[in-house]
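Raw model.tsv, TSV, C-alpha atoms:
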```tsv
chain	number	residue	atom	x	y	z
A	17	MET	CA	6.06	-3.40	6.02
A	18	GLN	CA	5.76	-5.12	9.38
A	19	VAL	CA	3.70	-8.30	9.07
A	20	LEU	CA	1.95	-9.46	12.21
A	21	GLU	CA	2.69	-13.13	12.84
A	22	THR	CA	-0.72	-13.84	14.38
A	23	PRO	CA	-3.23	-15.38	11.93
A	24	LEU	CA	-6.55	-13.53	12.03
A	25	GLN	CA	-10.19	-14.13	11.23
A	26	ILE	CA	-12.84	-11.58	10.21
A	27	LEU	CA	-16.44	-12.21	11.29
A	28	SER	CA	-19.77	-10.43	10.97
A	29	ILE	CA	-22.53	-11.09	13.49
A	30	GLN	CA	-25.81	-9.52	14.47
A	31	LYS	CA	-26.18	-7.86	17.86
A	32	GLN	CA	-28.54	-10.55	19.12
A	33	GLN	CA	-25.80	-13.15	18.53
A	34	LEU	CA	-23.32	-11.38	20.81
A	35	PRO	CA	-24.39	-13.11	24.06
A	36	SER	CA	-23.54	-16.52	22.57
A	37	ILE	CA	-19.84	-15.56	22.19
A	38	GLN	CA	-19.51	-13.09	25.05
A	39	HIS	CA	-17.67	-15.51	27.33
A	40	GLN	CA	-15.05	-16.36	24.70
A	41	LEU	CA	-14.49	-12.70	23.87
A	42	LEU	CA	-14.13	-11.74	27.52
A	43	GLN	CA	-11.49	-14.41	28.00
A	44	HIS	CA	-9.68	-13.33	24.84
A	45	ILE	CA	-9.61	-9.63	25.72
A	46	PHE	CA	-9.12	-9.56	29.48
A	47	LEU	CA	-7.67	-12.91	30.55
A	48	GLY	CA	-4.45	-14.61	29.60
A	49	GLU	CA	-2.07	-13.24	26.99
A	50	ARG	CA	-3.09	-9.88	25.55
A	51	PRO	CA	-4.28	-10.10	21.91
A	52	LYS	CA	-1.76	-9.02	19.27
A	53	PHE	CA	-4.66	-7.63	17.25
A	54	PHE	CA	-8.32	-7.40	18.14
A	55	SER	CA	-11.06	-5.21	16.74
A	56	PHE	CA	-14.74	-4.83	17.64
A	57	THR	CA	-16.74	-2.46	15.43
A	58	GLU	CA	-20.48	-2.00	15.81
A	59	ASN	CA	-22.81	-0.06	13.55
A	60	ASP	CA	-26.49	-0.24	12.60
A	61	ILE	CA	-25.81	-3.08	10.14
A	62	GLU	CA	-23.56	-5.49	12.05
A	63	ILE	CA	-20.89	-6.16	14.61
A	64	SER	CA	-17.63	-6.81	12.79
A	65	LEU	CA	-14.88	-8.69	14.63
A	66	VAL	CA	-11.19	-9.19	13.85
A	67	LEU	CA	-9.41	-11.59	16.17
A	68	ASP	CA	-6.93	-14.42	16.47
A	69	TYR	CA	-7.85	-17.23	14.09
A	70	ARG	CA	-7.22	-19.78	16.84
A	71	VAL	CA	-10.10	-18.44	18.97
A	72	SER	CA	-13.23	-20.53	18.43
A	73	LEU	CA	-16.54	-18.62	18.47
A	74	TYR	CA	-18.88	-21.38	17.21
A	75	PHE	CA	-19.30	-19.68	13.84
A	76	ASP	CA	-17.92	-20.76	10.50
A	77	LYS	CA	-14.46	-19.26	10.28
A	78	SER	CA	-13.39	-16.92	7.52
A	79	ASP	CA	-10.25	-17.40	5.49
A	80	VAL	CA	-7.01	-16.75	7.33
A	81	TYR	CA	-5.95	-13.09	7.22
A	82	ARG	CA	-2.66	-11.40	8.02
A	83	ALA	CA	-2.22	-7.83	9.21
A	84	LEU	CA	0.39	-5.45	7.81
A	85	ALA	CA	1.32	-2.23	9.59
A	86	VAL	CA	1.24	0.86	7.37
A	87	GLU	CA	4.49	2.60	8.22
A	88	SER	CA	3.74	5.94	6.56
A	89	THR	CA	1.90	8.74	8.37
A	90	ASP	CA	1.58	10.81	5.19
A	91	ASN	CA	-1.88	12.22	4.46
A	92	ASP	CA	-1.89	10.23	1.19
A	93	ARG	CA	-0.95	6.93	2.85
A	94	ILE	CA	-4.36	5.30	2.35
A	95	LEU	CA	-4.41	6.25	-1.31
A	96	ASN	CA	-0.79	5.22	-1.92
A	97	ILE	CA	-1.08	1.81	-0.26
A	98	THR	CA	-4.41	0.83	-1.81
A	99	ALA	CA	-3.94	2.08	-5.39
A	100	PRO	CA	-1.46	-0.66	-6.47
A	101	LEU	CA	-3.61	-3.31	-4.78
A	102	ALA	CA	-6.77	-2.04	-6.49
A	103	GLN	CA	-4.95	-2.15	-9.83
A	104	HIS	CA	-4.26	-5.86	-9.25
A	105	ASN	CA	-7.82	-6.55	-7.99
A	106	ILE	CA	-6.65	-7.39	-4.46
A	107	SER	CA	-9.33	-6.75	-1.84
A	108	VAL	CA	-8.12	-5.21	1.41
A	109	PHE	CA	-9.58	-4.66	4.86
A	110	TYR	CA	-8.28	-1.27	6.02
A	111	HIS	CA	-8.20	-0.26	9.68
A	112	SER	CA	-7.11	3.14	11.00
A	113	THR	CA	-6.30	3.53	14.68
A	114	LEU	CA	-4.91	6.39	16.74
A	115	GLN	CA	-1.54	4.63	16.86
A	116	GLY	CA	-1.36	3.85	13.14
A	117	ASP	CA	-3.01	2.14	10.19
A	118	TRP	CA	-3.24	-1.54	9.27
A	119	ILE	CA	-4.28	-3.46	6.19
A	120	LEU	CA	-5.56	-7.02	6.39
A	121	VAL	CA	-5.18	-9.35	3.43
A	122	ARG	CA	-5.76	-13.03	2.88
A	123	GLU	CA	-2.78	-15.10	3.93
A	124	SER	CA	-2.86	-16.81	0.52
A	125	LYS	CA	-2.24	-13.38	-1.09
A	126	LEU	CA	0.38	-12.14	1.40
A	127	GLN	CA	3.50	-12.65	-0.73
A	128	GLN	CA	1.80	-11.14	-3.76
A	129	VAL	CA	0.71	-8.12	-1.71
A	130	LEU	CA	4.24	-7.57	-0.36
A	131	GLU	CA	5.52	-7.46	-3.93
A	132	ILE	CA	2.73	-5.25	-5.28
A	133	ILE	CA	3.10	-2.51	-2.64
A	134	GLN	CA	6.69	-1.99	-3.81
A	135	GLU	CA	5.42	-0.91	-7.24
A	136	PRO	CA	5.04	2.76	-8.23
A	137	VAL	CA	1.70	4.22	-7.19
A	138	PRO	CA	-0.58	4.17	-10.26
A	139	HIS	CA	-3.12	6.86	-11.05
A	140	LEU	CA	-6.43	5.02	-11.17
A	141	LYS	CA	-9.88	6.33	-11.95
A	142	PRO	CA	-12.14	5.78	-8.91
A	143	LYS	CA	-14.72	3.07	-9.37
A	144	ASN	CA	-18.41	3.79	-8.97
A	145	ILE	CA	-19.56	2.71	-5.53
A	146	GLY	CA	-22.77	3.08	-3.59
A	147	LEU	CA	-23.50	6.56	-2.32
A	148	PRO	CA	-21.96	6.94	1.15
A	149	VAL	CA	-24.37	8.14	3.82
A	150	MET	CA	-23.24	10.56	6.53
A	151	LEU	CA	-24.22	9.06	9.88
A	152	GLU	CA	-25.90	11.25	12.46
A	153	HIS	CA	-23.47	10.31	15.22
A	154	SER	CA	-20.83	12.79	16.38
A	155	LEU	CA	-17.73	10.68	16.96
A	156	TYR	CA	-14.42	11.07	18.73
A	157	MET	CA	-11.23	8.99	18.76
A	158	ALA	CA	-9.21	8.39	21.91
A	159	ALA	CA	-6.28	6.34	23.11
A	160	VAL	CA	-7.15	3.75	25.76
A	161	PRO	CA	-4.27	3.40	28.24
A	162	ASP	CA	-3.77	0.05	29.94
A	163	HIS	CA	-4.85	1.41	33.30
A	164	VAL	CA	-8.18	2.57	31.84
A	165	LEU	CA	-8.77	-0.76	30.12
A	166	TYR	CA	-8.07	-2.87	33.19
A	167	ASP	CA	-9.11	-0.51	36.01
A	168	ASN	CA	-12.44	0.19	34.29
A	169	THR	CA	-13.06	-3.36	33.13
A	170	LEU	CA	-16.74	-3.34	34.10
A	171	GLN	CA	-17.37	-0.14	32.17
A	172	MET	CA	-15.58	-1.54	29.13
A	173	ILE	CA	-17.61	-4.75	29.33
A	174	GLN	CA	-20.76	-2.64	29.56
A	175	GLN	CA	-19.82	-0.72	26.43
A	176	LEU	CA	-18.86	-3.82	24.47
A	177	PHE	CA	-21.64	-6.20	25.39
A	178	TYR	CA	-24.55	-4.46	27.08
A	179	ASN	CA	-25.11	-1.23	25.20
A	180	THR	CA	-28.60	-1.27	23.70
A	181	GLN	CA	-28.48	1.96	21.69
A	182	ASP	CA	-28.00	2.27	17.96
A	183	ARG	CA	-24.50	3.56	17.60
A	184	PHE	CA	-21.15	3.59	15.85
A	185	PHE	CA	-18.52	2.19	18.17
A	186	SER	CA	-15.10	0.74	17.47
A	187	PHE	CA	-12.48	-0.61	19.87
A	188	THR	CA	-9.09	-1.87	18.69
A	189	MET	CA	-6.21	-3.52	20.55
A	190	THR	CA	-2.74	-3.83	19.03
A	191	GLU	CA	0.76	-4.27	20.40
A	192	ASP	CA	1.31	-0.54	19.88
A	193	GLY	CA	-1.67	0.49	21.99
A	194	HIS	CA	-5.45	0.57	22.15
A	195	SER	CA	-7.86	3.05	20.61
A	196	LEU	CA	-11.59	3.68	20.73
A	197	ILE	CA	-14.03	5.53	18.49
A	198	GLY	CA	-17.38	6.47	19.95
A	199	CYS	CA	-19.66	9.24	21.11
A	200	GLN	CA	-18.63	11.76	23.75
A	201	LYS	CA	-20.80	10.06	26.40
A	202	THR	CA	-19.05	6.71	25.85
A	203	LEU	CA	-15.63	8.29	26.16
A	204	GLY	CA	-16.72	10.16	29.28
A	205	LEU	CA	-17.91	6.98	31.01
A	206	LEU	CA	-14.44	5.51	30.50
A	207	GLY	CA	-12.65	8.66	31.59
A	208	LEU	CA	-11.22	9.28	28.10
A	209	HIS	CA	-10.65	12.52	26.25
A	210	GLY	CA	-11.23	12.42	22.53
A	211	SER	CA	-9.95	14.05	19.39
A	212	GLU	CA	-11.71	16.78	17.47
A	213	GLU	CA	-15.25	15.90	16.41
A	214	LEU	CA	-15.47	13.43	13.54
A	215	ARG	CA	-18.25	12.46	11.17
A	216	CYS	CA	-18.58	9.06	9.52
A	217	PHE	CA	-19.52	8.45	5.89
A	218	GLN	CA	-20.64	4.85	5.43
A	219	VAL	CA	-21.15	2.82	2.27
A	220	ASP	CA	-23.21	-0.38	2.45
A	221	LEU	CA	-21.27	-3.27	0.88
A	222	ARG	CA	-23.60	-6.13	1.73
A	223	GLN	CA	-24.29	-6.88	-1.92
A	224	GLU	CA	-20.63	-6.74	-2.93
A	225	GLY	CA	-19.28	-8.49	0.16
A	226	ILE	CA	-15.82	-8.54	1.66
A	227	GLU	CA	-14.37	-9.57	-1.71
A	228	CYS	CA	-15.16	-6.15	-3.21
A	229	CYS	CA	-12.00	-4.53	-4.61
A	230	GLY	CA	-11.14	-0.86	-4.96
A	231	VAL	CA	-13.61	0.65	-2.50
A	232	VAL	CA	-11.01	1.99	-0.06
A	233	HIS	CA	-8.96	3.45	-2.90
A	234	SER	CA	-11.97	5.02	-4.59
A	235	MET	CA	-13.16	6.82	-1.47
A	236	ALA	CA	-9.63	7.93	-0.55
A	237	GLU	CA	-8.92	9.19	-4.08
A	238	ARG	CA	-12.06	11.31	-4.18
A	239	LEU	CA	-11.36	12.92	-0.83
A	240	ARG	CA	-7.65	13.48	-1.29
A	241	SER	CA	-8.32	15.09	-4.69
A	242	VAL	CA	-9.95	17.99	-2.80
A	243	GLY	CA	-7.46	17.97	0.07
A	244	VAL	CA	-9.64	16.25	2.69
A	245	ASP	CA	-7.78	14.07	5.22
A	246	LEU	CA	-9.41	10.84	6.28
A	247	LEU	CA	-9.30	7.77	8.47
A	248	TYR	CA	-10.82	4.53	7.22
A	249	LEU	CA	-12.48	1.60	8.96
A	250	SER	CA	-13.46	-1.50	7.01
A	251	THR	CA	-16.04	-3.86	8.42
A	252	TYR	CA	-17.29	-7.09	6.91
A	253	CYS	CA	-20.31	-5.35	5.34
A	254	THR	CA	-19.45	-1.63	5.24
A	255	GLY	CA	-16.79	0.90	4.36
A	256	ASN	CA	-16.48	3.81	6.81
A	257	VAL	CA	-14.64	7.07	6.23
A	258	LEU	CA	-13.99	9.29	9.24
A	259	ILE	CA	-13.65	13.00	8.51
A	260	ASN	CA	-13.02	16.03	10.67
A	261	LEU	CA	-16.32	17.86	11.21
A	262	MET	CA	-15.10	21.02	9.52
A	263	ASP	CA	-14.41	19.05	6.32
A	264	SER	CA	-17.68	17.11	6.35
A	265	LYS	CA	-19.61	19.31	3.90
A	266	GLN	CA	-16.79	19.27	1.36
A	267	ALA	CA	-16.43	15.50	1.82
A	268	GLN	CA	-20.16	14.95	1.39
A	269	ASP	CA	-20.20	16.91	-1.88
A	270	ARG	CA	-17.18	15.08	-3.28
A	271	LEU	CA	-18.31	11.60	-2.30
A	272	ALA	CA	-21.67	12.25	-3.98
A	273	GLN	CA	-19.83	12.63	-7.30
A	274	GLN	CA	-19.40	9.24	-8.93
A	275	LEU	CA	-16.89	10.37	-11.57
```
Let me see the file written as structure tokens.
Amino acid sequence: MQVLETPLQILSIQKQQLPSIQHQLLQHIFLGERPKFFSFTENDIEISLVLDYRVSLYFDKSDVYRALAVESTDNDRILNITAPLAQHNISVFYHSTLQGDWILVRESKLQQVLEIIQEPVPHLKPKNIGLPVMLEHSLYMAAVPDHVLYDNTLQMIQQLFYNTQDRFFSFTMTEDGHSLIGCQKTLGLLGLHGSEELRCFQVDLRQEGIECCGVVHSMAERLRSVGVDLLYLSTYCTGNVLINLMDSKQAQDRLAQQL
């Protein structure tokens, strides 16, 4: 697997804290060298940030994380990559984008992770997790070309820092390209055309925390057992499964089953 050289940090903030770090984020995203990996995900619980560890945001920093590119595009890729790690009680931060998937692991566990993912995929029983809730938002995923990002800078800044609505919104920058998940109105304001309609199933992990192991695998195993394809977005405090609208009823029924 490709390992990104850039050390990363994962932070969770509340929306009212965003103005205090807005200047640093603007510089990081739009000025100077383009970030190798940056993610901004907002939901009703938090704003979750993944960015270069060397960027100071005046908050206590997390442990150092490293990002690994998931090379497979197979429908079972999330299940196959997370099952061996769940078996070894390794917590992962999983991030799907339009260009491909990434897993983030603690730098102290990196060598162990690289060895574990070479092991045969075990068949694990899903763990019991909190009941995922289907969010009301209709979501779409779109690629964000460079010309949209930099020609529509003011609109992007508006969406990142000045949107006052409750929403699910995620923007990711990688070396392979940029992607955005949001409502149709958000995509329209940026001149983007999205994928088919998606629904998000969210599990609240505030009690378990970012150390919680096996959540990604458990949700992926349940859904793949009934043939439902999925994307996955970890945040500091939540797990988020993105499902095609036409599969949402089947996904809701399966995720409600804890065995």
Open item on the list: Rounded to one decimal, what separation in Å do you get between CA of Phe56 in chain A and CA of Thr180 in chain A?
Closed with: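 That distance, rounded to one decimal, is 15.5 Å.
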- [ ] Would you mind listing what lies within 8 Å of Pro51 in chain A as a list of chain:residue names, with only C-alpha atoms counted and same-chain residues fewer than 3 positions away left out?
- [x]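 Within the cut-off, the hits are A:His44, A:Ile45, A:Phe54, A:Leu67, A:Asp68, A:Met189, A:Thr190, A:Glu191.
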Report as a tab-separated table the residues of range 130-241 of chain A within 8 Å of range 92-107 of chain A, each with its shortest atom pair and distance in Å (one decimal), using only C-alpha atoms, ordered by chain and increasing residue number.
```
residue	atom	partner	partner_atom	distance
A:Ile132	CA	A:Pro100	CA	6.3
A:Ile133	CA	A:Pro100	CA	6.2
A:Glu135	CA	A:Pro100	CA	6.9
A:Pro136	CA	A:Pro100	CA	7.6
A:Val137	CA	A:Pro100	CA	5.9
A:Pro138	CA	A:Pro100	CA	6.2
A:His139	CA	A:Ala99	CA	7.5
A:Leu140	CA	A:Ala99	CA	6.9
A:Ile226	CA	A:Ser107	CA	7.6
A:Glu227	CA	A:Ser107	CA	5.8
A:Cys228	CA	A:Ser107	CA	6.0
A:Cys229	CA	A:Ser107	CA	4.4
A:Gly230	CA	A:Ala102	CA	4.8
A:Val232	CA	A:Thr98	CA	6.9
A:His233	CA	A:Thr98	CA	5.4
A:Ala236	CA	A:Leu95	CA	5.5
A:Glu237	CA	A:Leu95	CA	6.1
A:Arg240	CA	A:Asp92	CA	7.1
```
So that I can see what lies close to range 59-65 of chain A, please list as a short mmCIF file (atom, residue, chain, number, x, y, z; two decimals) with C-alpha atoms, in the coordinates of the input the residues with an atom at most 6 Å from it, counting all atoms listed in the file and leaving out residues fewer than 3 positions away in the same chain.
```cif
data_model
loop_
_atom_site.label_atom_id
_atom_site.label_comp_id
_atom_site.auth_asym_id
_atom_site.auth_seq_id
_atom_site.Cartn_x
_atom_site.Cartn_y
_atom_site.Cartn_z
CA ILE A 26 -12.84 -11.58 10.21
CA LEU A 27 -16.44 -12.21 11.29
CA SER A 28 -19.77 -10.43 10.97
CA ILE A 29 -22.53 -11.09 13.49
CA GLN A 30 -25.81 -9.52 14.47
CA SER A 55 -11.06 -5.21 16.74
CA PHE A 56 -14.74 -4.83 17.64
CA ARG A 183 -24.50 3.56 17.60
CA PHE A 184 -21.15 3.59 15.85
CA THR A 251 -16.04 -3.86 8.42
CA TYR A 252 -17.29 -7.09 6.91
#
```
Task: Nearest candidate to Ser241 in chain A (options A:Ile37, A:Val164, A:Ala267, A:Leu147; using all atoms listed in the file) - done: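 The shortest atom-to-atom distance to Ser241 in chain A comes from A:Ala267.
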TODO: Compare A:Lys31, A:Lys201, A:Ser88, A:Thr254 by their minimum atom-to-atom distance to Arg222 in chain A, counting all atoms listed in the file, and give me the closest one.
DONE: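 That would be A:Thr254, the residue with the smallest distance to Arg222 in chain A.
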Within 8 Å of (7.8, -1.2, 9.7) in the file's own coordinates, which protein, DNA or RNA residues have an atom, counting all atoms listed in the file? List them as a short mmCIF file (atom, residue, chain, number, x, y, z; two decimals) with C-alpha atoms, in the frame of the given file.
```cif
data_model
loop_
_atom_site.label_atom_id
_atom_site.label_comp_id
_atom_site.auth_asym_id
_atom_site.auth_seq_id
_atom_site.Cartn_x
_atom_site.Cartn_y
_atom_site.Cartn_z
CA MET A 17 6.06 -3.40 6.02
CA GLN A 18 5.76 -5.12 9.38
CA ALA A 85 1.32 -2.23 9.59
CA VAL A 86 1.24 0.86 7.37
CA GLU A 87 4.49 2.60 8.22
#
```
With all atoms listed in the file as the counted atoms, please give the residues lying no more than 7 Å from range 194-196 of chain A, apart from itself and same-chain residues fewer than 6 positions off, as a PDB file with C-alpha atoms, in the coordinates of the input.
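Just written: out05.pdb:
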```pdb
ATOM      1  CA  THR A 113      -6.300   3.530  14.680  1.00  0.00           C
ATOM      2  CA  LEU A 114      -4.910   6.390  16.740  1.00  0.00           C
ATOM      3  CA  MET A 157     -11.230   8.990  18.760  1.00  0.00           C
ATOM      4  CA  ALA A 158      -9.210   8.390  21.910  1.00  0.00           C
ATOM      5  CA  ALA A 159      -6.280   6.340  23.110  1.00  0.00           C
ATOM      6  CA  VAL A 160      -7.150   3.750  25.760  1.00  0.00           C
ATOM      7  CA  PRO A 161      -4.270   3.400  28.240  1.00  0.00           C
ATOM      8  CA  SER A 186     -15.100   0.740  17.470  1.00  0.00           C
ATOM      9  CA  PHE A 187     -12.480  -0.610  19.870  1.00  0.00           C
ATOM     10  CA  THR A 188      -9.090  -1.870  18.690  1.00  0.00           C
TER      11      THR A 188
END
```
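With distances restricted to all atoms listed in the file, A:Val219 is the closest residue to Leu151 in chain A from A:Leu170, A:Val219, A:Ile197, A:Leu205.
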For range 137-152 of chain A, what centre and edge lengths in Å (one decimal) does the axis-aligned box get once 6 Å is added on each side of all its listed atoms, as lines of an AutoDock Vina configuration file?
```
center_x = -12.1
center_y = 7.0
center_z = 0.3
size_x = 39.6
size_y = 20.5
size_z = 36.4
```
Open item on the list: I'd like the interatomic distance between CA of Tyr178 in chain A and CA of Pro148 in chain A, to a tenth of an Å.
Closed with: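 Computing it gives 28.4 Å between the two atoms.
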Open item on the list: Report, in Å to a single decimal, how far apart CA of Val66 in chain A and CA of Leu206 in chain A are.
Closed with: 22.4 Å
Task: Residue nearest Glu58 in chain A - candidates A:Gln268, A:Phe217, A:Phe185, A:Gln273, atoms counted: only C-alpha atoms - done: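 Smallest distance to Glu58 in chain A is found for A:Phe185.
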- [ ] Give the answer as one residue: which of A:Gln181, A:Ser36, A:Ser112, A:Ser124 has the shortest atom-to-atom distance to Tyr248 in chain A, using only C-alpha atoms?
- [x]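 Checking each of A:Gln181, A:Ser36, A:Ser112, A:Ser124 against Tyr248 in chain A, counting only C-alpha atoms, the winner is A:Ser112.
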Task: Residue nearest Gly146 in chain A among A:Leu24, A:Leu261, A:Leu246, A:Val231 (counting all atoms listed in the file) - done: A:Val231
Open item on the list: So that I can check the surroundings of Ser154 in chain A, please list as a ChimeraX atom specification every protein, DNA and RNA residue that reaches within 8 Å of it, counting all atoms listed in the file and ignoring chain neighbours fewer than 3 positions away.
Closed with: /A:199-200,213-215
Please write range 225-256 of chain A of the preceding block to a file containing C-alpha atoms, as a short mmCIF file (atom, residue, chain, number, x, y, z; two decimals), in the first residue's frame?
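That gives us selection-v4.cif:
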```
data_model
loop_
_atom_site.label_atom_id
_atom_site.label_comp_id
_atom_site.auth_asym_id
_atom_site.auth_seq_id
_atom_site.Cartn_x
_atom_site.Cartn_y
_atom_site.Cartn_z
CA GLY A 225 -13.97 7.73 21.16
CA ILE A 226 -11.50 7.53 18.31
CA GLU A 227 -9.86 4.50 19.95
CA CYS A 228 -12.91 2.33 19.25
CA CYS A 229 -11.95 -0.76 17.23
CA GLY A 230 -14.02 -2.77 14.79
CA VAL A 231 -16.75 -0.24 13.97
CA VAL A 232 -15.86 0.18 10.30
CA HIS A 233 -15.57 -3.58 9.83
CA SER A 234 -18.85 -4.29 11.63
CA MET A 235 -20.87 -1.86 9.53
CA ALA A 236 -19.21 -3.00 6.30
CA GLU A 237 -19.74 -6.68 7.12
CA ARG A 238 -23.44 -6.23 7.78
CA LEU A 239 -24.02 -4.34 4.56
CA ARG A 240 -21.88 -6.50 2.30
CA SER A 241 -23.61 -9.62 3.66
CA VAL A 242 -26.77 -8.44 1.87
CA GLY A 243 -24.96 -7.11 -1.19
CA VAL A 244 -25.14 -3.38 -0.37
CA ASP A 245 -22.21 -1.27 -1.61
CA LEU A 246 -20.97 1.49 0.64
CA LEU A 247 -18.61 4.39 1.14
CA TYR A 248 -17.34 5.19 4.63
CA LEU A 249 -16.31 8.42 6.34
CA SER A 250 -14.81 8.36 9.82
CA THR A 251 -14.84 11.49 11.92
CA TYR A 252 -13.41 11.95 15.39
CA CYS A 253 -16.80 11.28 17.03
CA THR A 254 -18.90 9.47 14.41
CA GLY A 255 -18.92 6.69 11.86
CA ASN A 256 -20.74 7.51 8.61
#
```
